[in-house]
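Worksheet for the structure shown next.
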Amino acid sequence: MTPDLTSSPHHHRRRADRRLVALGAAAAMTAATALAGVLLASTEAAAGTLSGSFYRDPTSGVNQWLAANPNDSRASLISQRIGSQPQARWFANYNLSTIQSQVTSYVNAANSVNQIPVLVPYMLPNRDCGGASAGGAPTISAYRTWIDSFAAGLGTRTAVIILEPDSLALQTCLSSSDKADRNSALSYAVTKFKQVNSNAKVYLDAGHSAWNSASDTASRLQAAGVSNAAGFYSNASNFRWTADEVNFGRNVLNALGNGNLHQVIDTARNGKGPLGSEWCDPSGRGTGQAPTTATNESTVDAFIWIKPPGEADGCAASAGQFVPDLAYSLAQNGIVTSPPPSPSTVPSPSRSASPSPSAPPSPSASPSTPPSPSPSASQGTGACSVSYKVDSQWNNGFVVSVVITNRGPAITSWTLTWTYSGNQAVTNAWNATVTASGANVTARNVAHNGSIATNGTASFGFQATYSGTNTNPTAFKLNNVTCS
């Protein structure tokens, strides 16, 4: 397999260092987590400030492996569940002479298909506190020079920048002057990116819901210049439930007191939540909700796959190395709808000295599928309209986003049906339970998006395969009423 020269073999290890989590903060998070499901179910809010689909890179690590191993018994499922999805590109090698051209190439490829590139600059000195992802620029001054070259490649269209994972949540190895230098460097990067490309959306590191407290996280973000950024990201390369991260993000935003800021969440591997306090290539985890800007959360701009599923944390293999068995296990256990809001295990205040995964029960050979909500048909829809958009298409696969607008009286649950005229088959979905009988397809709401007010909307997405011509359906019914 041709190596990805923009990535280091020692990148994106996501520490879940529990030493900084006070017992009182852990107890508070447990109580907040118990409310997360209620908050998600009761909040009817639009998505954040991003719109559009993210870039699916055909040269990503997983897609390079798939191209080189088409007959591998694991390839089909890995392709369907992981290779088909947009994932972030990490830039983790100190390469002053080539970084601008590498960024330009990646951004231009995304722009050419009208998709949003997601870029992860990972080059701060003393990154990961010398752990499995050690490295970075030799000095802060050299880092600023590298950032200048990185920024020069961003172009002028929308780009999402996930700036320096672990840079704020993990600082146990830094002196006070080191922290000040790092904060200054991050603030410089935010300002530089925005100067070069006013459409760049820059997000800073907020750790995750079981790491530092919301107030501590807010203080670190403020010190690093988050007020000039689009907001912050959480759960990068970790496994925390999305519901926990949304609730954590709200608490951080409340502490920041800045209504212009938003959150993005890494859902790449949180389909089955965390395995206790284990963070380094734990067994039996699954891919989470597919990347989307349709979050139904006003404070959350997007769900993004920041950590490419199948790339090791540093235990199963060197950090960043693609491991087919890891990818296959994540695909087997991946969700096909949104994960249920579920309490996380309260972390211990200290991390085990051994990073080796424990041995939980072996994952099932078949994907884990949450139970369908089986909503009853709701009365009196009157009228409706449906937006059906193919976000990306390749070979024999495609990804669709659907937005339902209810033009009639408010409803409390919904069922949307349509019929394909070609040979299409849905393979997985998010924010809805989608089933098919031949060419007839039925999508039902999940717990958090069943209610649609008059002139309100609900959205979901799915991945499918096709042969021949991929013809869009032309007729939809919402609760048995034909939509326009």
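Ligands are numbered from 1 in the order shown, residues from 1 within each chain, and chains are lettered A, B, ... in the order they appear in the structure tokens.
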Report as JSON lines: every residue of segment 120-200 of chain A with an atom at most 9 Å from segment 87-105 of chain A, its closest pair of atoms, and their distance in Å to one decimal, counting only C-alpha atoms, with rows sorted by chain and ascending residue number.
```
{"residue": "A:Val120", "atom": "CA", "partner": "A:Trp90", "partner_atom": "CA", "distance": 4.6}
{"residue": "A:Pro121", "atom": "CA", "partner": "A:Phe91", "partner_atom": "CA", "distance": 5.1}
{"residue": "A:Tyr122", "atom": "CA", "partner": "A:Ala92", "partner_atom": "CA", "distance": 4.9}
{"residue": "A:Met123", "atom": "CA", "partner": "A:Ala92", "partner_atom": "CA", "distance": 5.8}
{"residue": "A:Gly135", "atom": "CA", "partner": "A:Asn93", "partner_atom": "CA", "distance": 8.5}
{"residue": "A:Gly136", "atom": "CA", "partner": "A:Tyr94", "partner_atom": "CA", "distance": 6.5}
{"residue": "A:Ala137", "atom": "CA", "partner": "A:Tyr94", "partner_atom": "CA", "distance": 6.1}
{"residue": "A:Pro138", "atom": "CA", "partner": "A:Tyr94", "partner_atom": "CA", "distance": 8.8}
{"residue": "A:Tyr143", "atom": "CA", "partner": "A:Tyr94", "partner_atom": "CA", "distance": 8.9}
{"residue": "A:Thr145", "atom": "CA", "partner": "A:Leu96", "partner_atom": "CA", "distance": 7.9}
{"residue": "A:Trp146", "atom": "CA", "partner": "A:Leu96", "partner_atom": "CA", "distance": 5.9}
{"residue": "A:Asp148", "atom": "CA", "partner": "A:Gln100", "partner_atom": "CA", "distance": 8.7}
{"residue": "A:Ser149", "atom": "CA", "partner": "A:Gln100", "partner_atom": "CA", "distance": 5.1}
{"residue": "A:Phe150", "atom": "CA", "partner": "A:Gln100", "partner_atom": "CA", "distance": 5.0}
{"residue": "A:Ala151", "atom": "CA", "partner": "A:Gln100", "partner_atom": "CA", "distance": 7.4}
{"residue": "A:Ala152", "atom": "CA", "partner": "A:Gln100", "partner_atom": "CA", "distance": 6.1}
{"residue": "A:Gly153", "atom": "CA", "partner": "A:Thr104", "partner_atom": "CA", "distance": 4.3}
{"residue": "A:Leu154", "atom": "CA", "partner": "A:Thr104", "partner_atom": "CA", "distance": 6.1}
{"residue": "A:Gly155", "atom": "CA", "partner": "A:Thr104", "partner_atom": "CA", "distance": 7.2}
{"residue": "A:Ile162", "atom": "CA", "partner": "A:Ala88", "partner_atom": "CA", "distance": 8.6}
```
For N, CA and C atoms, I'd like the residues from the last selection saved as a PDB file, in the first residue's frame.
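What follows is the written file again36.pdb:
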```
ATOM      1  N   VAL A 120      -6.788  18.288   9.625  1.00  0.00           N
ATOM      2  CA  VAL A 120      -6.312  18.236  11.009  1.00  0.00           C
ATOM      3  C   VAL A 120      -4.831  18.599  11.043  1.00  0.00           C
ATOM      4  N   PRO A 121      -4.485  19.855  11.311  1.00  0.00           N
ATOM      5  CA  PRO A 121      -3.079  20.197  11.540  1.00  0.00           C
ATOM      6  C   PRO A 121      -2.639  19.612  12.891  1.00  0.00           C
ATOM      7  N   TYR A 122      -1.543  18.857  12.867  1.00  0.00           N
ATOM      8  CA  TYR A 122      -1.101  18.151  14.076  1.00  0.00           C
ATOM      9  C   TYR A 122       0.415  18.292  14.176  1.00  0.00           C
ATOM     10  N   MET A 123       0.867  19.462  14.606  1.00  0.00           N
ATOM     11  CA  MET A 123       2.292  19.749  14.484  1.00  0.00           C
ATOM     12  C   MET A 123       2.865  20.548  15.651  1.00  0.00           C
ATOM     13  N   GLY A 135       6.137  14.011  18.654  1.00  0.00           N
ATOM     14  CA  GLY A 135       6.681  14.652  17.462  1.00  0.00           C
ATOM     15  C   GLY A 135       6.256  16.092  17.403  1.00  0.00           C
ATOM     16  N   GLY A 136       6.177  16.622  16.183  1.00  0.00           N
ATOM     17  CA  GLY A 136       5.775  17.999  15.987  1.00  0.00           C
ATOM     18  C   GLY A 136       6.935  18.865  15.540  1.00  0.00           C
ATOM     19  N   ALA A 137       6.642  20.138  15.385  1.00  0.00           N
ATOM     20  CA  ALA A 137       7.666  21.084  14.964  1.00  0.00           C
ATOM     21  C   ALA A 137       8.739  21.217  16.046  1.00  0.00           C
ATOM     22  N   PRO A 138       9.971  21.554  15.644  1.00  0.00           N
ATOM     23  CA  PRO A 138      11.048  21.624  16.655  1.00  0.00           C
ATOM     24  C   PRO A 138      10.899  22.773  17.634  1.00  0.00           C
ATOM     25  N   TYR A 143       6.847  26.221  14.226  1.00  0.00           N
ATOM     26  CA  TYR A 143       5.430  25.882  14.085  1.00  0.00           C
ATOM     27  C   TYR A 143       4.666  27.001  13.379  1.00  0.00           C
ATOM     28  N   THR A 145       5.817  29.145  11.296  1.00  0.00           N
ATOM     29  CA  THR A 145       6.200  29.123   9.881  1.00  0.00           C
ATOM     30  C   THR A 145       5.450  28.020   9.142  1.00  0.00           C
ATOM     31  N   TRP A 146       5.333  26.860   9.770  1.00  0.00           N
ATOM     32  CA  TRP A 146       4.584  25.748   9.168  1.00  0.00           C
ATOM     33  C   TRP A 146       3.110  26.120   9.000  1.00  0.00           C
ATOM     34  N   ASP A 148       1.914  29.116   8.554  1.00  0.00           N
ATOM     35  CA  ASP A 148       1.832  30.059   7.433  1.00  0.00           C
ATOM     36  C   ASP A 148       1.729  29.311   6.109  1.00  0.00           C
ATOM     37  N   SER A 149       2.548  28.288   5.949  1.00  0.00           N
ATOM     38  CA  SER A 149       2.528  27.518   4.703  1.00  0.00           C
ATOM     39  C   SER A 149       1.245  26.709   4.590  1.00  0.00           C
ATOM     40  N   PHE A 150       0.796  26.153   5.686  1.00  0.00           N
ATOM     41  CA  PHE A 150      -0.466  25.403   5.700  1.00  0.00           C
ATOM     42  C   PHE A 150      -1.608  26.319   5.254  1.00  0.00           C
ATOM     43  N   ALA A 151      -1.678  27.504   5.851  1.00  0.00           N
ATOM     44  CA  ALA A 151      -2.752  28.440   5.554  1.00  0.00           C
ATOM     45  C   ALA A 151      -2.753  28.845   4.082  1.00  0.00           C
ATOM     46  N   ALA A 152      -1.583  28.959   3.500  1.00  0.00           N
ATOM     47  CA  ALA A 152      -1.477  29.402   2.112  1.00  0.00           C
ATOM     48  C   ALA A 152      -2.132  28.417   1.141  1.00  0.00           C
ATOM     49  N   GLY A 153      -2.363  27.187   1.578  1.00  0.00           N
ATOM     50  CA  GLY A 153      -2.971  26.195   0.706  1.00  0.00           C
ATOM     51  C   GLY A 153      -4.471  26.044   0.857  1.00  0.00           C
ATOM     52  N   LEU A 154      -5.109  26.849   1.703  1.00  0.00           N
ATOM     53  CA  LEU A 154      -6.508  26.613   2.059  1.00  0.00           C
ATOM     54  C   LEU A 154      -7.518  27.077   1.021  1.00  0.00           C
ATOM     55  N   GLY A 155      -7.114  27.913   0.080  1.00  0.00           N
ATOM     56  CA  GLY A 155      -8.073  28.415  -0.891  1.00  0.00           C
ATOM     57  C   GLY A 155      -9.025  29.406  -0.255  1.00  0.00           C
ATOM     58  N   ILE A 162      -9.737  21.109  12.156  1.00  0.00           N
ATOM     59  CA  ILE A 162      -9.716  20.530  13.507  1.00  0.00           C
ATOM     60  C   ILE A 162      -8.303  20.751  14.037  1.00  0.00           C
TER      61      ILE A 162
END
```
Discussion item. With distances taken over only C-alpha atoms, which residue among A:Ser79, A:Ala169, A:Asn260, A:Ser283 lies nearest Ser219 of chain A?
Written reply: A:Ala169
List every residue of segment 200-344 of chain A that DSSP, applied to the backbone of this structure, assigns to strand (DSSP E), and report them as a short mmCIF file (atom, residue, chain, number, x, y, z; two decimals) with C-alpha atoms, in the first residue's frame.
```
data_model
loop_
_atom_site.label_atom_id
_atom_site.label_comp_id
_atom_site.auth_asym_id
_atom_site.auth_seq_id
_atom_site.Cartn_x
_atom_site.Cartn_y
_atom_site.Cartn_z
CA ALA A 200 -12.47 28.56 7.11
CA LYS A 201 -14.22 27.05 10.13
CA VAL A 202 -11.60 26.53 12.84
CA TYR A 203 -12.34 24.43 15.94
CA LEU A 204 -10.15 24.05 19.03
CA ASP A 205 -9.60 21.03 21.27
CA GLY A 231 -15.88 26.88 18.30
CA PHE A 232 -14.46 23.61 19.57
CA TYR A 233 -14.49 19.87 18.90
CA SER A 234 -14.78 16.99 21.34
CA HIS A 262 -20.47 26.00 18.28
CA GLN A 263 -19.26 22.43 18.65
CA VAL A 264 -18.37 19.56 16.35
CA ILE A 265 -18.22 15.96 17.60
CA ASP A 266 -16.13 13.00 16.46
CA VAL A 300 -23.58 21.42 17.10
CA ASP A 301 -22.31 22.30 13.64
CA ALA A 302 -21.50 18.75 12.56
CA PHE A 303 -20.80 15.15 13.39
CA ILE A 304 -17.41 14.36 11.83
#
```
Worksheet item: Which polymer residues have any atom within 12 Å of an atom of Ala206 of chain A, counting only C-alpha atoms, with same-chain residues fewer than 3 positions away left out, as a ChimeraX atom specification?
Response: /A:162-170,203,209-222,224,226,231-236,245,248-253,262-266
Practice prompt. Find the residue from A:Gly461, A:Gly438, A:Gly288, A:Pro70 that sits nearest to Ser387 of chain A; use only C-alpha atoms when measuring.
Written response: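 Nearest to Ser387 of chain A: A:Gly461.
Of the listed residues A:Ser187, A:Ser175, A:Gln321, A:Thr287, the one whose atoms come nearest to Trp241 of chain A is A:Thr287, with distances taken using only C-alpha atoms.
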Write out, as JSON lines, each residue of segment 190-280 of chain A that has an atom at most 7 Å from segment 307-319 of chain A, together with the closest pair of atoms and their distance in Å to one decimal, counting only C-alpha atoms, rows going by chain and rising number.
```
{"residue": "A:Ala236", "atom": "CA", "partner": "A:Lys307", "partner_atom": "CA", "distance": 6.4}
{"residue": "A:Ser237", "atom": "CA", "partner": "A:Lys307", "partner_atom": "CA", "distance": 4.8}
{"residue": "A:Ala268", "atom": "CA", "partner": "A:Pro309", "partner_atom": "CA", "distance": 6.2}
{"residue": "A:Arg269", "atom": "CA", "partner": "A:Pro309", "partner_atom": "CA", "distance": 6.5}
{"residue": "A:Cys280", "atom": "CA", "partner": "A:Asp313", "partner_atom": "CA", "distance": 5.4}
```
Filtering to N, CA, C and O atoms, could you give me those residues as a PDB file, in the first residue's frame?
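Output (out07.pdb):
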```
ATOM      1  N   ALA A 236     -12.477  13.605  19.927  1.00  0.00           N
ATOM      2  CA  ALA A 236     -11.563  13.232  18.852  1.00  0.00           C
ATOM      3  C   ALA A 236     -10.795  11.968  19.222  1.00  0.00           C
ATOM      4  O   ALA A 236     -10.147  11.901  20.262  1.00  0.00           O
ATOM      5  N   SER A 237     -10.909  10.962  18.386  1.00  0.00           N
ATOM      6  CA  SER A 237     -10.234   9.673  18.576  1.00  0.00           C
ATOM      7  C   SER A 237     -10.674   8.947  19.831  1.00  0.00           C
ATOM      8  O   SER A 237      -9.970   8.061  20.312  1.00  0.00           O
ATOM      9  N   ALA A 268     -16.712   8.893  14.887  1.00  0.00           N
ATOM     10  CA  ALA A 268     -16.149   7.820  14.068  1.00  0.00           C
ATOM     11  C   ALA A 268     -16.219   6.453  14.734  1.00  0.00           C
ATOM     12  O   ALA A 268     -16.430   5.437  14.056  1.00  0.00           O
ATOM     13  N   ARG A 269     -16.057   6.408  16.075  1.00  0.00           N
ATOM     14  CA  ARG A 269     -15.935   5.096  16.735  1.00  0.00           C
ATOM     15  C   ARG A 269     -16.801   4.992  17.986  1.00  0.00           C
ATOM     16  O   ARG A 269     -16.517   4.161  18.853  1.00  0.00           O
ATOM     17  N   CYS A 280      -7.243   2.893  24.309  1.00  0.00           N
ATOM     18  CA  CYS A 280      -6.245   2.542  23.291  1.00  0.00           C
ATOM     19  C   CYS A 280      -6.631   1.255  22.573  1.00  0.00           C
ATOM     20  O   CYS A 280      -6.419   0.153  23.080  1.00  0.00           O
TER      21      CYS A 280
END
```
Practice prompt. Looking only at alpha helix (DSSP H) from DSSP on the backbone, list the matching residues of segment 19-212 of chain A as an NGL selection string.
Written response: :A and (23-42 or 61-68 or 75-78 or 99-112 or 140-152 or 176-196)
Item to complete: Can you work out the spacing between atom CA of Val160 of chain A and atom CA of Pro117 of chain A in Å, to one decimal?
Response: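 Straight-line distance from atom CA of Val160 of chain A to atom CA of Pro117 of chain A works out to 6.2 Å.
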Discussion item. Taking only C-alpha atoms into account, name the residue in A:Thr457, A:Ser329, A:Thr299, A:Thr435 that is nearest to Ser385 of chain A.
Written reply: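 Residue with the minimum atom-to-atom distance to Ser385 of chain A: A:Thr457.
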Discussion item. Need to verify the contact set: Gln115 of chain A, 8 Å, only C-alpha atoms, exclusion of same-chain residues closer than 3 positions in sequence. Can you return it as a VMD selection string?
Written reply: chain A and resid 52 to 55 110 to 112
Practice prompt. Between atom CA of Asn254 of chain A and atom CA of Ala189 of chain A, measure the distance and give it in Å to one decimal.
Written response: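 Pair atom CA of Asn254 of chain A / atom CA of Ala189 of chain A returns 24.6 Å.
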Fill in: Residue nearest Asn114 of chain A among A:Asn270, A:Ser51, A:Asn183, A:Ser277 (counting only C-alpha atoms)
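The answer is A:Ser51, which sits nearest to Asn114 of chain A.
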Item to complete: Do a neighbour search on segment 467-470 of chain A at 12 Å with only C-alpha atoms, toss out local chain neighbours closer than 5 positions, and write the hits as a PyMOL selection string.
Response: chain A and resi 390+392-400+420-425
Could you save the residues just selected, with N, CA and C atoms, as a JSON list (two decimals), in the first residue's frame?
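Saved result, again_26.json, follows:
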```json
[["chain", "number", "residue", "atom", "x", "y", "z"],
["A", 390, "VAL", "N", -28.52, 13.46, -3.32],
["A", 390, "VAL", "CA", -27.38, 12.55, -3.35],
["A", 390, "VAL", "C", -26.13, 13.37, -3.03],
["A", 392, "SER", "N", -23.00, 12.17, -2.31],
["A", 392, "SER", "CA", -21.81, 11.65, -2.99],
["A", 392, "SER", "C", -22.17, 10.33, -3.65],
["A", 393, "GLN", "N", -21.45, 10.02, -4.73],
["A", 393, "GLN", "CA", -21.72, 8.79, -5.48],
["A", 393, "GLN", "C", -20.41, 8.27, -6.05],
["A", 394, "TRP", "N", -20.23, 6.96, -6.04],
["A", 394, "TRP", "CA", -19.00, 6.35, -6.53],
["A", 394, "TRP", "C", -19.32, 4.93, -6.98],
["A", 395, "ASN", "N", -18.62, 4.45, -7.98],
["A", 395, "ASN", "CA", -18.76, 3.08, -8.44],
["A", 395, "ASN", "C", -20.19, 2.59, -8.32],
["A", 396, "ASN", "N", -20.46, 1.74, -7.32],
["A", 396, "ASN", "CA", -21.82, 1.21, -7.14],
["A", 396, "ASN", "C", -22.43, 1.63, -5.81],
["A", 397, "GLY", "N", -21.99, 2.77, -5.25],
["A", 397, "GLY", "CA", -22.53, 3.22, -3.97],
["A", 397, "GLY", "C", -22.86, 4.69, -3.98],
["A", 398, "PHE", "N", -23.67, 5.11, -3.03],
["A", 398, "PHE", "CA", -24.01, 6.53, -2.90],
["A", 398, "PHE", "C", -24.51, 6.83, -1.50],
["A", 399, "VAL", "N", -24.46, 8.12, -1.12],
["A", 399, "VAL", "CA", -24.95, 8.60, 0.17],
["A", 399, "VAL", "C", -25.98, 9.69, -0.09],
["A", 400, "VAL", "N", -27.10, 9.62, 0.65],
["A", 400, "VAL", "CA", -28.23, 10.53, 0.45],
["A", 400, "VAL", "C", -28.56, 11.25, 1.74],
["A", 420, "TYR", "N", -38.17, 2.97, -5.45],
["A", 420, "TYR", "CA", -37.12, 3.17, -6.44],
["A", 420, "TYR", "C", -37.53, 2.54, -7.78],
["A", 421, "SER", "N", -37.12, 3.19, -8.84],
["A", 421, "SER", "CA", -37.39, 2.62, -10.17],
["A", 421, "SER", "C", -36.21, 1.82, -10.67],
["A", 422, "GLY", "N", -35.05, 1.96, -10.03],
["A", 422, "GLY", "CA", -33.87, 1.22, -10.42],
["A", 422, "GLY", "C", -33.53, 0.14, -9.41],
["A", 423, "ASN", "N", -32.30, -0.33, -9.47],
["A", 423, "ASN", "CA", -31.85, -1.42, -8.59],
["A", 423, "ASN", "C", -30.99, -0.82, -7.48],
["A", 424, "GLN", "N", -31.65, -0.23, -6.48],
["A", 424, "GLN", "CA", -30.97, 0.39, -5.35],
["A", 424, "GLN", "C", -31.31, -0.35, -4.07],
["A", 425, "ALA", "N", -30.35, -0.40, -3.16],
["A", 425, "ALA", "CA", -30.56, -1.09, -1.89],
["A", 425, "ALA", "C", -29.89, -0.32, -0.76]]
```
Item to complete: Kindly give the distance, in Å, that separates atom CA of Thr482 of chain A and atom CA of Trp414 of chain A, rounded to a single decimal.
Response: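 Atom CA of Trp414 of chain A lies 13.1 Å from atom CA of Thr482 of chain A.
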